[in-house]
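With mmCIF, C-alpha atoms inside, this is input-v4.cif:
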```cif
data_final
#
loop_
_atom_site.group_PDB
_atom_site.id
_atom_site.type_symbol
_atom_site.label_atom_id
_atom_site.label_comp_id
_atom_site.auth_asym_id
_atom_site.auth_seq_id
_atom_site.Cartn_x
_atom_site.Cartn_y
_atom_site.Cartn_z
ATOM 1 C CA PHE A 1 -62.348 -86.164 -20.301
ATOM 2 C CA TYR A 2 -59.569 -84.805 -18.067
ATOM 3 C CA ARG A 3 -57.506 -87.691 -16.783
ATOM 4 C CA THR A 4 -54.903 -85.855 -14.706
ATOM 5 C CA PRO A 5 -54.514 -82.497 -12.969
ATOM 6 C CA THR A 6 -51.959 -81.642 -15.670
ATOM 7 C CA ASP A 7 -54.655 -81.996 -18.350
ATOM 8 C CA LEU A 8 -56.886 -79.646 -16.402
ATOM 9 C CA LEU A 9 -54.043 -77.159 -15.928
ATOM 10 C CA ILE A 10 -53.315 -77.179 -19.663
ATOM 11 C CA CYS A 11 -56.994 -76.550 -20.344
ATOM 12 C CA PHE A 12 -57.056 -73.584 -17.934
ATOM 13 C CA VAL A 13 -53.890 -72.084 -19.430
ATOM 14 C CA LEU A 14 -55.234 -72.394 -22.975
ATOM 15 C CA ALA A 15 -58.596 -70.937 -21.948
ATOM 16 C CA ALA A 16 -56.897 -67.988 -20.232
ATOM 17 C CA PHE A 17 -54.722 -67.360 -23.288
ATOM 18 C CA ALA A 18 -57.729 -67.535 -25.625
ATOM 19 C CA GLY A 19 -59.667 -65.132 -23.419
ATOM 20 C CA PHE A 20 -56.720 -62.755 -23.299
ATOM 21 C CA ILE A 21 -56.350 -62.545 -27.078
ATOM 22 C CA SER A 22 -60.053 -62.532 -27.936
ATOM 23 C CA ALA A 23 -61.429 -60.110 -25.338
ATOM 24 C CA PRO A 24 -60.276 -56.834 -26.960
ATOM 25 C CA THR A 25 -61.527 -57.736 -30.440
ATOM 26 C CA GLY A 26 -64.626 -55.516 -30.308
ATOM 27 C CA ALA A 27 -62.691 -52.484 -29.128
ATOM 28 C CA LEU A 28 -60.002 -53.070 -31.743
ATOM 29 C CA VAL A 29 -62.581 -53.281 -34.518
ATOM 30 C CA GLN A 30 -64.186 -50.027 -33.389
ATOM 31 C CA GLY A 31 -60.816 -48.281 -33.240
ATOM 32 C CA THR A 32 -59.875 -49.594 -36.655
ATOM 33 C CA LEU A 33 -63.179 -48.439 -38.126
ATOM 34 C CA ALA A 34 -62.594 -44.948 -36.753
ATOM 35 C CA ASN A 35 -59.273 -44.737 -38.599
ATOM 36 C CA VAL A 36 -59.993 -46.465 -41.911
ATOM 37 C CA VAL A 37 -63.538 -45.334 -42.737
ATOM 38 C CA GLU A 38 -64.329 -41.832 -43.958
ATOM 39 C CA LYS A 39 -66.307 -39.740 -41.503
ATOM 40 C CA ARG A 40 -69.368 -39.578 -43.753
ATOM 41 C CA GLN A 41 -69.470 -43.403 -43.876
ATOM 42 C CA GLN A 42 -68.666 -44.168 -40.233
ATOM 43 C CA GLY A 43 -72.319 -44.395 -39.208
ATOM 44 C CA VAL A 44 -72.923 -47.158 -41.753
ATOM 45 C CA ALA A 45 -69.733 -48.961 -40.739
ATOM 46 C CA TYR A 46 -70.554 -48.832 -37.017
ATOM 47 C CA ALA A 47 -74.154 -49.901 -37.632
ATOM 48 C CA SER A 48 -72.952 -52.910 -39.651
ATOM 49 C CA PHE A 49 -70.482 -53.853 -36.932
ATOM 50 C CA VAL A 50 -73.021 -53.544 -34.116
ATOM 51 C CA LEU A 51 -75.646 -55.474 -36.100
ATOM 52 C CA THR A 52 -73.346 -58.398 -36.860
ATOM 53 C CA ASP A 53 -72.058 -58.397 -33.281
ATOM 54 C CA ASP A 54 -75.598 -58.517 -31.883
ATOM 55 C CA VAL A 55 -76.705 -61.205 -34.350
ATOM 56 C CA GLY A 56 -73.676 -63.256 -33.297
ATOM 57 C CA GLN A 57 -74.482 -62.856 -29.620
ATOM 58 C CA GLY A 58 -78.100 -63.830 -30.195
ATOM 59 C CA GLY A 59 -77.566 -66.530 -32.797
ATOM 60 C CA GLY A 60 -74.446 -68.099 -31.300
ATOM 61 C CA PRO A 61 -76.221 -69.856 -28.428
ATOM 62 C CA ILE A 62 -78.893 -71.134 -30.819
ATOM 63 C CA LEU A 63 -76.241 -72.537 -33.143
ATOM 64 C CA VAL A 64 -74.361 -74.162 -30.254
ATOM 65 C CA ALA A 65 -77.605 -75.703 -28.940
ATOM 66 C CA TYR A 66 -78.209 -77.144 -32.419
ATOM 67 C CA LEU A 67 -74.667 -78.553 -32.508
ATOM 68 C CA ILE A 68 -75.082 -80.093 -29.042
ATOM 69 C CA GLU A 69 -78.321 -81.749 -30.095
ATOM 70 C CA HIS A 70 -76.791 -83.278 -33.215
ATOM 71 C CA PHE A 71 -73.182 -84.005 -32.215
ATOM 72 C CA GLY A 72 -73.120 -84.252 -28.443
ATOM 73 C CA ARG A 73 -71.692 -81.844 -25.920
ATOM 74 C CA GLN A 74 -67.941 -82.378 -26.351
ATOM 75 C CA ARG A 75 -67.898 -82.444 -30.141
ATOM 76 C CA ALA A 76 -70.240 -79.431 -30.325
ATOM 77 C CA PHE A 77 -67.927 -77.485 -28.022
ATOM 78 C CA GLY A 78 -64.997 -78.338 -30.284
ATOM 79 C CA TYR A 79 -66.875 -77.201 -33.398
ATOM 80 C CA ALA A 80 -67.945 -73.992 -31.674
ATOM 81 C CA MET A 81 -64.330 -73.236 -30.754
ATOM 82 C CA LEU A 82 -63.220 -73.938 -34.331
ATOM 83 C CA MET A 83 -65.533 -71.167 -35.523
ATOM 84 C CA TRP A 84 -63.013 -68.714 -34.082
ATOM 85 C CA LEU A 85 -60.515 -69.730 -36.771
ATOM 86 C CA PRO A 86 -62.170 -68.029 -39.771
ATOM 87 C CA ASN A 87 -62.953 -64.980 -37.636
ATOM 88 C CA SER A 88 -59.377 -64.638 -36.439
ATOM 89 C CA PHE A 89 -58.118 -65.165 -39.987
ATOM 90 C CA LEU A 90 -60.338 -62.354 -41.285
ATOM 91 C CA CYS A 91 -59.320 -60.049 -38.428
ATOM 92 C CA GLY A 92 -55.693 -60.853 -39.180
ATOM 93 C CA LEU A 93 -56.161 -59.920 -42.834
ATOM 94 C CA THR A 94 -56.989 -56.355 -41.798
ATOM 95 C CA ALA A 95 -53.337 -55.955 -40.820
ATOM 96 C CA LEU A 96 -52.459 -56.215 -44.510
ATOM 97 C CA THR A 97 -54.563 -53.207 -45.550
ATOM 98 C CA VAL A 98 -55.040 -50.985 -42.504
ATOM 99 C CA GLU A 99 -52.084 -48.653 -43.146
ATOM 100 C CA GLU A 100 -53.056 -48.028 -46.772
ATOM 101 C CA ASP A 101 -56.702 -47.558 -45.790
ATOM 102 C CA GLU A 102 -55.718 -45.037 -43.133
ATOM 103 C CA ARG A 103 -53.590 -43.068 -45.631
ATOM 104 C CA ARG A 104 -56.458 -43.093 -48.124
ATOM 105 C CA VAL A 105 -58.906 -41.766 -45.528
ATOM 106 C CA GLN A 106 -56.501 -39.040 -44.387
ATOM 107 C CA LYS A 107 -55.924 -37.967 -47.998
ATOM 108 C CA SER A 108 -59.663 -37.903 -48.672
ATOM 109 C CA GLN A 109 -60.383 -35.889 -45.532
ATOM 110 C CA ALA A 110 -57.649 -33.387 -46.406
ATOM 111 C CA LYS A 111 -59.176 -33.001 -49.883
ATOM 112 C CA HIS A 112 -62.638 -32.369 -48.415
ATOM 113 C CA GLU A 113 -61.203 -29.831 -45.950
ATOM 114 C CA ASP A 114 -59.445 -27.999 -48.811
ATOM 115 C CA GLU A 115 -62.698 -27.925 -50.799
ATOM 116 C CA ALA A 116 -64.546 -26.586 -47.751
ATOM 117 C CA ASP A 117 -61.911 -23.839 -47.340
ATOM 118 C CA LEU A 118 -62.341 -22.825 -50.996
ATOM 119 C CA ILE A 119 -66.114 -22.594 -50.588
ATOM 120 C CA ALA A 120 -65.847 -20.532 -47.388
#
```

Spell out the structure here as structure tokens.
Amino acid sequence: FYRTPTDLLICFVLAAFAGFISAPTGALVQGTLANVVEKRQQGVAYASFVLTDDVGQGGGPILVAYLIEHFGRQRAFGYAMLMWLPNSFLCGLTALTVEEDERRVQKSQAKHEDEADLIA
């Protein structure tokens, strides 16, 4: 597959870059959830995130094994890497709404604090 040392170097550089940009995804999602989900709903949001993350970690190897069996090792690896595209697209879409979501949550929390002050 790799014909020259340059091909291998390019592969290493791309792999390092991909690892660099994909490694903090989980922490970024958790931080985003803390800022854009109301406190009374954060448990549900975190549970959904952890569940999908765990299902992905458990189901991913099974899916890749299936792809290897049906398409061969190299093509299966390529398909598995392509599955990052829809995920990165969806993560990128959060940038379009995160500021408005954060303002909405802050406004809602301020309203609930004002109501709590009136009751007390």

| request: Any chance you could resolve the PyMOL selection byres ((chain A and resi 47-53) around 12) against this file and give the residues as a list in words? | output: Thr25, Gly26, Ala27, Leu28, Val29, Gln30, Gly31, Thr32, Leu33, Ala34, Gln41, Gln42, Gly43, Val44, Ala45, Tyr46, Asp54, Val55, Gly56, Gln57, Gly58, Gly59 and Gly60 of chain A

| query | What is the distance between CA of Phe77 in chain A and CA of Cys11 in chain A, in Å to one decimal? | reply | 13.4 Å

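In this structure, CA of Thr94 in chain A sits 27.0 Å away from CA of Pro61 in chain A.
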
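The nearest approach to Arg103 in chain A among the residues A:Val36, A:Val64, A:Ala80, A:Cys91, with all atoms listed in the file taken into account, belongs to A:Val36.
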